[in-house]
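**Student:** If it helps, the file is called run01.cif and holds mmCIF, C-alpha atoms:
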data_target
loop_
_atom_site.label_atom_id
_atom_site.label_comp_id
_atom_site.auth_asym_id
_atom_site.auth_seq_id
_atom_site.Cartn_x
_atom_site.Cartn_y
_atom_site.Cartn_z
CA MET Q 1 55.16 74.72 -17.17
CA ARG Q 2 53.37 73.73 -13.99
CA LEU Q 3 53.33 77.36 -12.83
CA LEU Q 4 51.76 78.43 -16.13
CA LEU Q 5 49.08 75.76 -15.74
CA ILE Q 6 48.31 76.95 -12.21
CA ILE Q 7 47.99 80.56 -13.44
CA ILE Q 8 45.63 79.52 -16.22
CA LEU Q 9 43.48 77.50 -13.83
CA CYS Q 10 43.33 80.44 -11.42
CA MET Q 11 42.23 82.76 -14.23
CA ILE Q 12 39.52 80.34 -15.28
CA ALA Q 13 38.35 80.02 -11.67
CA GLU Q 14 38.19 83.81 -11.30
CA LEU Q 15 36.25 84.19 -14.55
CA THR Q 16 33.80 81.46 -13.56
CA SER Q 17 33.36 83.02 -10.15
CA ALA Q 18 32.65 86.43 -11.71
CA GLN Q 19 30.06 84.89 -14.00
CA ASP Q 20 28.44 83.04 -11.11
CA THR Q 21 28.18 86.19 -8.98
CA TYR Q 22 26.82 88.47 -11.73
CA LYS Q 23 23.45 89.79 -10.71
CA GLY Q 24 21.07 91.41 -13.15
CA LEU Q 25 17.74 93.14 -12.59
CA LYS Q 26 15.99 89.79 -12.91
CA ASP Q 27 18.08 88.38 -10.06
CA TYR Q 28 17.59 91.32 -7.71
CA TYR Q 29 13.84 91.13 -8.28
CA ASN Q 30 13.51 87.37 -8.42
CA ASP Q 31 11.38 87.33 -5.24
CA TYR Q 32 9.22 90.22 -6.38
CA PHE Q 33 8.15 90.16 -10.04
CA PRO Q 34 9.69 89.62 -13.49
CA ILE Q 35 11.62 92.59 -14.83
CA GLY Q 36 11.08 92.89 -18.58
CA VAL Q 37 12.10 94.94 -21.60
CA ALA Q 38 10.59 95.90 -24.95
CA VAL Q 39 12.66 94.64 -27.87
CA SER Q 40 12.99 94.75 -31.64
CA PRO Q 41 14.35 91.87 -33.76
CA GLN Q 42 17.52 93.91 -34.32
CA ALA Q 43 18.29 93.74 -30.59
CA LEU Q 44 18.50 89.96 -30.59
CA LYS Q 45 22.14 89.82 -31.55
CA GLY Q 46 25.37 91.39 -30.33
CA PRO Q 47 25.83 93.36 -27.09
CA GLU Q 48 22.14 94.17 -26.69
CA ALA Q 49 21.21 90.49 -26.82
CA THR Q 50 23.81 89.76 -24.16
CA LEU Q 51 22.39 92.52 -21.98
CA ILE Q 52 18.84 91.20 -22.40
CA GLU Q 53 19.91 87.71 -21.39
CA LYS Q 54 21.81 88.92 -18.32
CA GLU Q 55 19.38 91.51 -16.99
CA PHE Q 56 15.81 90.64 -17.92
CA ALA Q 57 13.33 87.89 -17.15
CA SER Q 58 10.61 89.01 -19.56
CA MET Q 59 10.32 90.58 -23.01
CA THR Q 60 7.67 92.45 -24.96
CA PRO Q 61 7.83 92.97 -28.75
CA GLU Q 62 7.93 96.74 -29.17
CA ASN Q 63 6.22 96.74 -32.59
CA ALA Q 64 6.45 93.29 -34.17
CA MET Q 65 3.08 91.99 -32.94
CA LYS Q 66 1.02 95.12 -33.45
CA MET Q 67 -1.72 94.69 -36.04
CA GLY Q 68 -0.14 96.81 -38.78
CA PRO Q 69 3.28 95.12 -38.83
CA ILE Q 70 2.03 91.55 -38.32
CA HIS Q 71 -1.13 91.70 -40.50
CA PRO Q 72 -0.48 94.25 -43.26
CA GLU Q 73 -3.07 92.83 -45.67
CA GLU Q 74 -6.31 90.99 -45.05
CA ASN Q 75 -5.04 87.69 -46.39
CA ARG Q 76 -1.38 88.09 -45.50
CA TYR Q 77 0.49 87.90 -42.20
CA TYR Q 78 4.14 88.79 -41.69
CA TRP Q 79 5.51 86.47 -39.01
CA ASP Q 80 9.30 86.77 -39.33
CA ASP Q 81 9.98 89.47 -36.73
CA ALA Q 82 7.51 88.15 -34.16
CA ASP Q 83 8.73 84.58 -34.64
CA ALA Q 84 12.35 85.68 -34.09
CA ILE Q 85 11.44 87.32 -30.78
CA VAL Q 86 9.49 84.27 -29.65
CA ALA Q 87 12.37 81.97 -30.57
CA PHE Q 88 14.88 84.11 -28.65
CA ALA Q 89 12.65 84.15 -25.58
CA GLN Q 90 12.26 80.38 -25.63
CA GLN Q 91 15.96 79.78 -26.25
CA HIS Q 92 16.93 81.89 -23.23
CA ASN Q 93 14.04 80.88 -20.96
CA ILE Q 94 12.61 84.40 -20.91
CA LYS Q 95 8.90 85.03 -20.31
CA LEU Q 96 7.06 86.77 -23.14
CA ARG Q 97 4.24 89.32 -23.18
CA GLY Q 98 2.23 89.94 -26.35
CA HIS Q 99 1.54 93.53 -27.45
CA ALA Q 100 -1.03 94.61 -28.71
CA LEU Q 101 -4.04 92.94 -30.27
CA CYS Q 102 -6.38 95.91 -30.70
CA TRP Q 103 -5.23 99.54 -30.90
CA HIS Q 104 -6.31 102.68 -32.75
CA GLU Q 105 -2.77 103.30 -34.03
CA GLN Q 106 -0.49 101.11 -36.17
CA THR Q 107 -3.64 99.53 -37.53
CA PRO Q 108 -3.71 98.62 -41.25
CA SER Q 109 -6.13 100.72 -43.28
CA TRP Q 110 -7.80 97.68 -44.83
CA ILE Q 111 -9.31 96.64 -41.52
CA PHE Q 112 -11.92 99.43 -41.57
CA THR Q 113 -12.87 99.52 -45.28
CA ASP Q 114 -14.23 97.27 -48.01
CA ALA Q 115 -12.97 96.81 -51.58
CA LYS Q 116 -14.69 100.04 -52.64
CA GLY Q 117 -13.09 102.03 -49.85
CA ASP Q 118 -16.35 102.35 -47.91
CA THR Q 119 -16.48 101.88 -44.15
CA VAL Q 120 -17.37 98.32 -43.21
CA SER Q 121 -20.25 97.35 -40.95
CA LYS Q 122 -19.91 96.48 -37.28
CA GLU Q 123 -20.43 92.80 -38.09
CA VAL Q 124 -17.64 92.77 -40.68
CA LEU Q 125 -15.20 94.63 -38.44
CA LEU Q 126 -15.81 92.36 -35.46
CA ARG Q 127 -15.36 89.32 -37.71
CA ARG Q 128 -12.04 90.71 -38.92
CA LEU Q 129 -10.99 91.44 -35.34
CA LYS Q 130 -11.90 87.89 -34.32
CA ASP Q 131 -9.98 86.39 -37.23
CA HIS Q 132 -6.92 88.49 -36.42
CA ILE Q 133 -6.88 87.77 -32.70
CA THR Q 134 -7.62 84.09 -33.15
CA THR Q 135 -4.85 83.66 -35.70
CA VAL Q 136 -2.17 85.56 -33.78
CA VAL Q 137 -2.95 84.28 -30.29
CA SER Q 138 -3.32 80.69 -31.49
CA ARG Q 139 0.06 80.81 -33.23
CA TYR Q 140 1.81 81.68 -29.98
CA LYS Q 141 -0.41 79.73 -27.59
CA GLY Q 142 1.67 78.40 -24.72
CA LYS Q 143 4.60 80.65 -25.65
CA ILE Q 144 3.15 84.01 -24.62
CA TYR Q 145 1.93 84.15 -21.03
CA ALA Q 146 0.14 87.52 -21.20
CA TRP Q 147 -1.38 89.80 -23.84
CA ASP Q 148 -2.17 93.49 -24.00
CA VAL Q 149 -5.53 92.86 -25.61
CA VAL Q 150 -6.96 96.37 -25.91
CA ASN Q 151 -4.64 99.35 -25.90
CA GLU Q 152 -5.54 102.99 -25.07
CA ALA Q 153 -9.30 102.87 -25.59
CA VAL Q 154 -10.05 105.53 -22.96
CA ALA Q 155 -10.24 109.09 -24.29
CA ASP Q 156 -7.78 111.84 -23.41
CA ASP Q 157 -10.74 114.25 -23.27
CA PRO Q 158 -11.91 114.23 -19.61
CA SER Q 159 -15.52 114.74 -20.70
CA LYS Q 160 -15.62 111.42 -22.58
CA LEU Q 161 -15.10 107.82 -21.55
CA LEU Q 162 -13.89 106.21 -24.76
CA ARG Q 163 -11.65 107.48 -27.55
CA ASN Q 164 -13.53 108.31 -30.75
CA SER Q 165 -11.45 105.86 -32.79
CA PRO Q 166 -12.63 103.96 -35.88
CA TRP Q 167 -13.14 100.95 -33.61
CA TYR Q 168 -15.55 102.93 -31.47
CA LYS Q 169 -17.22 104.74 -34.35
CA ILE Q 170 -18.08 101.46 -36.07
CA CYS Q 171 -18.59 99.06 -33.14
CA GLY Q 172 -19.40 101.24 -30.16
CA GLU Q 173 -17.92 99.94 -26.93
CA ASP Q 174 -18.53 96.30 -27.89
CA PHE Q 175 -15.15 95.95 -29.59
CA ILE Q 176 -13.47 95.99 -26.17
CA SER Q 177 -15.35 93.09 -24.59
CA LYS Q 178 -15.29 91.13 -27.85
CA ALA Q 179 -11.50 91.45 -28.14
CA PHE Q 180 -11.08 89.92 -24.70
CA GLU Q 181 -13.55 87.15 -25.49
CA TYR Q 182 -11.75 86.29 -28.74
CA ALA Q 183 -8.34 86.25 -27.03
CA HIS Q 184 -9.57 84.07 -24.18
CA ALA Q 185 -11.11 81.58 -26.60
CA ALA Q 186 -7.83 81.35 -28.53
CA ASP Q 187 -5.70 80.78 -25.40
CA PRO Q 188 -7.64 80.23 -22.15
CA ASP Q 189 -4.40 80.12 -20.13
CA ALA Q 190 -3.02 83.50 -21.22
CA LYS Q 191 -3.41 86.47 -18.87
CA LEU Q 192 -5.32 89.25 -20.58
CA PHE Q 193 -4.68 92.96 -19.92
CA TYR Q 194 -6.17 96.33 -20.71
CA ASN Q 195 -3.25 98.73 -21.29
CA ASP Q 196 -3.20 102.55 -21.09
CA TYR Q 197 -1.15 105.66 -20.23
CA ASN Q 198 -1.66 108.56 -17.79
CA THR Q 199 -3.40 106.09 -15.49
CA GLU Q 200 -1.99 107.88 -12.43
CA ARG Q 201 -3.56 111.23 -13.34
CA PRO Q 202 -6.86 111.54 -11.43
CA GLU Q 203 -9.03 112.56 -14.39
CA LYS Q 204 -7.99 109.57 -16.50
CA ARG Q 205 -7.51 107.15 -13.62
CA GLU Q 206 -11.19 107.40 -12.72
CA ARG Q 207 -12.35 106.75 -16.27
CA VAL Q 208 -10.02 103.78 -16.73
CA TYR Q 209 -11.28 102.45 -13.41
CA PHE Q 210 -14.90 102.88 -14.55
CA LEU Q 211 -14.22 100.97 -17.78
CA LEU Q 212 -12.48 98.13 -15.96
CA LYS Q 213 -15.24 97.92 -13.37
CA GLN Q 214 -17.83 97.62 -16.15
CA LEU Q 215 -15.83 94.88 -17.85
CA LYS Q 216 -15.56 92.94 -14.59
CA LYS Q 217 -19.27 93.41 -13.88
CA SER Q 218 -20.07 92.01 -17.33
CA ASN Q 219 -17.85 88.95 -16.71
CA VAL Q 220 -15.48 89.85 -19.52
CA PRO Q 221 -12.38 87.60 -19.26
CA ILE Q 222 -9.92 90.29 -18.20
CA ASP Q 223 -7.11 89.46 -15.78
CA GLY Q 224 -5.26 92.71 -15.33
CA VAL Q 225 -4.50 96.30 -16.14
CA GLY Q 226 -1.27 97.54 -17.69
CA LEU Q 227 -0.02 100.92 -16.50
CA GLN Q 228 2.22 102.09 -19.31
CA ALA Q 229 4.33 104.28 -17.00
CA HIS Q 230 5.69 106.69 -19.59
CA TRP Q 231 6.66 108.97 -16.73
CA SER Q 232 9.16 111.75 -16.14
CA ILE Q 233 11.31 113.27 -13.43
CA PHE Q 234 8.29 115.49 -12.71
CA GLU Q 235 5.54 112.86 -12.32
CA PRO Q 236 3.88 110.87 -10.92
CA SER Q 237 4.04 111.78 -7.27
CA GLU Q 238 4.29 109.07 -4.65
CA GLN Q 239 0.67 109.63 -3.65
CA GLU Q 240 -0.59 109.52 -7.24
CA LEU Q 241 1.15 106.20 -7.82
CA ARG Q 242 -0.10 104.65 -4.59
CA THR Q 243 -3.65 105.79 -5.27
CA ALA Q 244 -3.61 104.26 -8.75
CA LEU Q 245 -2.25 100.94 -7.51
CA ASP Q 246 -4.82 100.79 -4.72
CA LYS Q 247 -7.66 101.78 -7.02
CA PHE Q 248 -7.01 99.25 -9.79
CA SER Q 249 -6.05 96.36 -7.53
CA SER Q 250 -9.31 96.84 -5.59
CA LEU Q 251 -11.05 95.33 -8.62
CA GLY Q 252 -9.19 92.07 -8.10
CA LEU Q 253 -7.06 92.68 -11.18
CA GLN Q 254 -3.36 92.06 -11.57
CA VAL Q 255 -1.35 95.21 -12.19
CA GLN Q 256 1.66 95.32 -14.50
CA ILE Q 257 3.93 98.24 -15.26
CA THR Q 258 4.13 97.64 -18.99
CA GLU Q 259 6.12 100.42 -20.70
CA LEU Q 260 8.35 102.07 -18.12
CA ASP Q 261 10.66 104.95 -18.93
CA ILE Q 262 11.40 108.15 -17.01
CA SER Q 263 11.90 111.11 -19.32
CA ILE Q 264 14.05 114.07 -18.34
CA TYR Q 265 11.49 116.42 -19.93
CA PRO Q 266 7.95 117.41 -18.91
CA TRP Q 267 5.24 115.28 -20.51
CA GLU Q 268 3.76 116.47 -23.81
CA LYS Q 269 1.05 114.82 -25.85
CA PHE Q 270 1.43 116.39 -29.29
CA GLN Q 271 4.41 116.12 -31.59
CA ARG Q 272 6.29 119.32 -32.38
CA GLU Q 273 9.53 120.58 -33.86
CA ARG Q 274 12.54 121.14 -31.69
CA ARG Q 275 12.72 124.78 -30.58
CA GLN Q 276 15.74 126.97 -31.24
CA GLY Q 277 18.15 126.74 -28.33
CA GLU Q 278 16.34 123.76 -26.78
CA THR Q 279 19.03 121.74 -25.05
CA ASP Q 280 19.13 117.98 -24.67
CA VAL Q 281 22.17 117.63 -22.43
CA PHE Q 282 21.91 115.03 -19.66
CA THR Q 283 23.23 117.18 -16.84
CA SER Q 284 24.25 115.91 -13.41
CA GLU Q 285 21.20 117.68 -11.97
CA LEU Q 286 18.86 115.81 -14.33
CA GLU Q 287 20.68 112.57 -13.61
CA THR Q 288 20.12 113.05 -9.88
CA LYS Q 289 16.42 113.87 -10.33
CA GLN Q 290 15.94 110.80 -12.52
CA MET Q 291 17.77 108.63 -10.00
CA GLU Q 292 15.50 109.87 -7.21
CA GLN Q 293 12.37 109.23 -9.27
CA TYR Q 294 13.47 105.69 -10.13
CA LYS Q 295 14.28 105.08 -6.47
CA MET Q 296 10.83 106.25 -5.40
CA VAL Q 297 8.78 104.28 -7.91
CA PHE Q 298 10.67 101.01 -7.40
CA SER Q 299 10.41 101.26 -3.62
CA ILE Q 300 6.64 101.48 -4.09
CA PHE Q 301 6.63 98.65 -6.62
CA ARG Q 302 8.31 96.41 -4.05
CA GLU Q 303 5.73 97.35 -1.42
CA TYR Q 304 3.01 96.26 -3.83
CA LYS Q 305 4.58 92.96 -4.84
CA GLN Q 306 1.34 91.12 -4.01
CA VAL Q 307 -0.43 93.28 -6.61
CA ILE Q 308 2.22 93.90 -9.28
CA THR Q 309 3.00 90.87 -11.43
CA GLY Q 310 5.51 92.41 -13.84
CA VAL Q 311 7.55 95.54 -14.59
CA THR Q 312 8.71 96.12 -18.18
CA PHE Q 313 11.03 98.86 -19.46
CA TRP Q 314 10.18 100.37 -22.83
CA ASN Q 315 13.46 99.86 -24.73
CA ILE Q 316 16.79 98.56 -23.56
CA SER Q 317 19.06 101.57 -23.17
CA ASP Q 318 19.49 105.27 -23.89
CA LYS Q 319 21.21 104.24 -27.13
CA HIS Q 320 17.75 103.86 -28.65
CA THR Q 321 14.47 105.07 -27.18
CA TRP Q 322 11.20 106.02 -28.84
CA LEU Q 323 11.42 109.25 -26.84
CA ASP Q 324 14.20 110.42 -29.17
CA TYR Q 325 11.44 110.86 -31.76
CA TYR Q 326 8.37 111.64 -29.66
CA PRO Q 327 7.12 114.20 -28.91
CA VAL Q 328 10.13 116.12 -30.27
CA LYS Q 329 11.95 114.43 -33.12
CA GLY Q 330 15.70 114.68 -32.81
CA ARG Q 331 15.73 115.75 -29.16
CA LYS Q 332 17.81 113.17 -27.31
CA ASN Q 333 16.27 111.64 -24.21
CA TYR Q 334 17.85 109.48 -21.51
CA PRO Q 335 14.95 107.63 -19.87
CA LEU Q 336 16.36 104.18 -19.07
CA LEU Q 337 18.71 102.43 -16.63
CA PHE Q 338 21.46 101.78 -19.19
CA ASP Q 339 23.36 104.55 -21.00
CA GLN Q 340 24.21 104.88 -24.68
CA ASN Q 341 27.11 102.46 -24.20
CA LEU Q 342 24.87 99.89 -22.49
CA LYS Q 343 26.48 100.63 -19.12
CA ARG Q 344 24.52 100.85 -15.89
CA LYS Q 345 23.57 104.39 -14.88
CA LYS Q 346 23.50 105.72 -11.33
CA ALA Q 347 19.74 105.16 -11.23
CA TYR Q 348 20.37 101.42 -11.64
CA GLY Q 349 22.16 101.36 -8.30
CA GLU Q 350 19.17 102.93 -6.56
CA VAL Q 351 16.71 100.51 -8.18
CA VAL Q 352 18.59 97.48 -6.82
CA LYS Q 353 19.48 98.98 -3.42
CA PHE Q 354 17.07 97.39 -0.94
#
Before anything else, please render the file you have as structure tokens.
**Tutor:**
Amino acid sequence: MRLLLIIILCMIAELTSAQDTYKGLKDYYNDYFPIGVAVSPQALKGPEATLIEKEFASMTPENAMKMGPIHPEENRYYWDDADAIVAFAQQHNIKLRGHALCWHEQTPSWIFTDAKGDTVSKEVLLRRLKDHITTVVSRYKGKIYAWDVVNEAVADDPSKLLRNSPWYKICGEDFISKAFEYAHAADPDAKLFYNDYNTERPEKRERVYFLLKQLKKSNVPIDGVGLQAHWSIFEPSEQELRTALDKFSSLGLQVQITELDISIYPWEKFQRERRQGETDVFTSELETKQMEQYKMVFSIFREYKQVITGVTFWNISDKHTWLDYYPVKGRKNYPLLFDQNLKRKKAYGEVVKF
């Protein structure tokens, strides 16, 4: 009987020791910056929830706080999904980023039209934007430490500065500064970010820089820039990444990597059908290239720890990624550090090897 008791106590001691020595991404990077992940409400239970709790120090709602899902009708908000994410973050002492207050996509149609279906005036649209931002940011004041305030306002067309979205068509460029002003008024302590993609490509980097410089010059309450980092095994290069980090931080702005994934395919902008014979096998060669790219970007991130204040992965694991549907629906992608069984991939080892 005594021997059995000793065995049980030894097993408990070993289990406790294993739990105490478990190190997740958040632990490896504790002295650098919070490592975060984009989540859905469905991920807040079961194995994925356990993985979030063990590995990550920050979360971003993937869709739940975007204008369309959270404010589907002018006089109706849908809070359930966003509230669930906030509650999980608070329960597990995880920092929370808000995403995204003003964007040209996933925006409800009512925001731009009146009861007759006609386009509203600039004054009406800015009032609606103010009401939306004030309501959402105030609800989560003190619970969300940073917001992506304006998302993807810079045009893809190199000959233009701003995207010709309904926001721009109706309000001109004023909607950008006003969004930051409204968010700051609702929560003066929240860090406010402009968020965009392809920020490492020279032609877009310069235009994003120009916009941010103008906002700073006009004393708009902006704290940082979010580099989405939807990258691939082909880009960015080390020099492109360093140049972007130097360029944006020179404005005195915080830099956050907000939506990190490393695709195994070349970047494409427009959606298309899967081509006949197009393979989506995660070969050992692709795995090695992805591992090397992750190793490179994280070594640079660590060098820039005085500039970078957060790194967030866009989705938890290869089990589910938005890149399975975009730009080619039904073409499996493998862009993250955890595989389809939530196990650490080889790239994980390189990210934490320093």
**Student:** Would you mind telling me which residue in Q:Leu286, Q:Leu323, Q:Cys102, Q:Val311 lies nearest to Trp267 of chain Q when using all atoms listed in the file?
**Tutor:**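 Smallest distance to Trp267 of chain Q is found for Q:Leu323.
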**Student:** As a check of understanding, name the residues that the PyMOL selection byres ((chain Q and resi 330) around 12) selects in the supplied structure, as an mmCIF file with C-alpha atoms, in the coordinates of the input.
**Tutor:**
data_model
loop_
_atom_site.group_PDB
_atom_site.id
_atom_site.type_symbol
_atom_site.label_atom_id
_atom_site.label_comp_id
_atom_site.auth_asym_id
_atom_site.auth_seq_id
_atom_site.Cartn_x
_atom_site.Cartn_y
_atom_site.Cartn_z
ATOM 1 C CA GLN Q 271 4.410 116.120 -31.590
ATOM 2 C CA ARG Q 272 6.290 119.320 -32.380
ATOM 3 C CA GLU Q 273 9.530 120.580 -33.860
ATOM 4 C CA ARG Q 274 12.540 121.140 -31.690
ATOM 5 C CA ARG Q 275 12.720 124.780 -30.580
ATOM 6 C CA GLU Q 278 16.340 123.760 -26.780
ATOM 7 C CA THR Q 279 19.030 121.740 -25.050
ATOM 8 C CA ASP Q 280 19.130 117.980 -24.670
ATOM 9 C CA HIS Q 320 17.750 103.860 -28.650
ATOM 10 C CA THR Q 321 14.470 105.070 -27.180
ATOM 11 C CA TRP Q 322 11.200 106.020 -28.840
ATOM 12 C CA LEU Q 323 11.420 109.250 -26.840
ATOM 13 C CA ASP Q 324 14.200 110.420 -29.170
ATOM 14 C CA TYR Q 325 11.440 110.860 -31.760
ATOM 15 C CA TYR Q 326 8.370 111.640 -29.660
ATOM 16 C CA PRO Q 327 7.120 114.200 -28.910
ATOM 17 C CA VAL Q 328 10.130 116.120 -30.270
ATOM 18 C CA LYS Q 329 11.950 114.430 -33.120
ATOM 19 C CA ARG Q 331 15.730 115.750 -29.160
ATOM 20 C CA LYS Q 332 17.810 113.170 -27.310
ATOM 21 C CA ASN Q 333 16.270 111.640 -24.210
#
**Student:** Expand the PyMOL selection byres ((chain Q and resi 170) around 10) into the explicit residue set it covers here, and present it as a PyMOL selection string.
**Tutor:** chain Q and resi 112+119-126+164-169+171-175
**Student:** Could you jot down the atom CA of Leu51 of chain Q to atom CA of Met65 of chain Q separation for me, Å, one decimal place?
**Tutor:**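 Going from atom CA of Leu51 of chain Q over to atom CA of Met65 of chain Q covers 22.2 Å.
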**Student:** If the PyMOL selection byres ((chain Q and resi 261-265) around 7) is run on the structure shown, which residues does it catch, given as a ChimeraX atom specification?
**Tutor:** /Q:229-233,259-260,266-267,286,290,313-314,333-336
**Student:** Can you tell me, as a ChimeraX atom specification, what residues are no more than 12 Å from Glu350 of chain Q when counting all atoms listed in the file, ignoring any on the same chain fewer than 4 positions away?
**Tutor:** /Q:25,28,288-299,337,344-346,354
**Student:** What is the atom CA of Lys178 of chain Q-atom CA of His99 of chain Q distance in Å, reported with one decimal?
**Tutor:**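 Between atom CA of Lys178 of chain Q and atom CA of His99 of chain Q the gap works out to 17.0 Å.
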**Student:** For segment 223-239 of chain Q, supply N, CA, C and O atoms and format the output as a short mmCIF file (atom, residue, chain, number, x, y, z; two decimals), in the coordinates of the input.
**Tutor:**
data_model
loop_
_atom_site.label_atom_id
_atom_site.label_comp_id
_atom_site.auth_asym_id
_atom_site.auth_seq_id
_atom_site.Cartn_x
_atom_site.Cartn_y
_atom_site.Cartn_z
N ASP Q 223 -7.90 89.85 -16.95
CA ASP Q 223 -7.11 89.46 -15.78
C ASP Q 223 -6.36 90.62 -15.14
O ASP Q 223 -6.00 90.55 -13.96
N GLY Q 224 -6.09 91.67 -15.90
CA GLY Q 224 -5.26 92.71 -15.33
C GLY Q 224 -5.29 94.01 -16.11
O GLY Q 224 -5.88 94.11 -17.18
N VAL Q 225 -4.63 94.99 -15.52
CA VAL Q 225 -4.50 96.30 -16.14
C VAL Q 225 -3.01 96.62 -16.28
O VAL Q 225 -2.23 96.41 -15.35
N GLY Q 226 -2.63 97.13 -17.45
CA GLY Q 226 -1.27 97.54 -17.69
C GLY Q 226 -1.15 99.06 -17.56
O GLY Q 226 -1.85 99.79 -18.27
N LEU Q 227 -0.31 99.50 -16.64
CA LEU Q 227 -0.02 100.92 -16.50
C LEU Q 227 1.23 101.19 -17.31
O LEU Q 227 2.32 100.71 -16.97
N GLN Q 228 1.09 101.93 -18.39
CA GLN Q 228 2.22 102.09 -19.31
C GLN Q 228 3.44 102.71 -18.63
O GLN Q 228 4.58 102.35 -18.93
N ALA Q 229 3.22 103.68 -17.76
CA ALA Q 229 4.33 104.28 -17.00
C ALA Q 229 5.33 105.02 -17.88
O ALA Q 229 6.54 104.92 -17.67
N HIS Q 230 4.83 105.74 -18.88
CA HIS Q 230 5.69 106.69 -19.59
C HIS Q 230 5.71 107.95 -18.73
O HIS Q 230 4.95 108.89 -18.93
N TRP Q 231 6.61 107.93 -17.75
CA TRP Q 231 6.66 108.97 -16.73
C TRP Q 231 7.82 109.92 -16.98
O TRP Q 231 8.46 109.87 -18.02
N SER Q 232 8.07 110.79 -16.03
CA SER Q 232 9.16 111.75 -16.14
C SER Q 232 9.71 112.05 -14.75
O SER Q 232 9.18 111.57 -13.74
N ILE Q 233 10.75 112.86 -14.71
CA ILE Q 233 11.31 113.27 -13.43
C ILE Q 233 10.35 114.18 -12.66
O ILE Q 233 10.58 114.46 -11.48
N PHE Q 234 9.26 114.59 -13.32
CA PHE Q 234 8.29 115.49 -12.71
C PHE Q 234 7.03 114.78 -12.21
O PHE Q 234 6.30 115.33 -11.39
N GLU Q 235 6.76 113.59 -12.69
CA GLU Q 235 5.54 112.86 -12.32
C GLU Q 235 5.70 111.37 -12.61
O GLU Q 235 6.54 110.99 -13.42
N PRO Q 236 4.91 110.54 -11.91
CA PRO Q 236 3.88 110.87 -10.92
C PRO Q 236 4.47 111.13 -9.54
O PRO Q 236 5.64 110.82 -9.29
N SER Q 237 3.63 111.64 -8.67
CA SER Q 237 4.04 111.78 -7.27
C SER Q 237 3.85 110.43 -6.58
O SER Q 237 3.17 109.54 -7.10
N GLU Q 238 4.45 110.32 -5.43
CA GLU Q 238 4.29 109.07 -4.65
C GLU Q 238 2.83 108.80 -4.36
O GLU Q 238 2.36 107.66 -4.51
N GLN Q 239 2.07 109.83 -3.98
CA GLN Q 239 0.67 109.63 -3.65
C GLN Q 239 -0.15 109.25 -4.87
O GLN Q 239 -1.05 108.41 -4.80
#
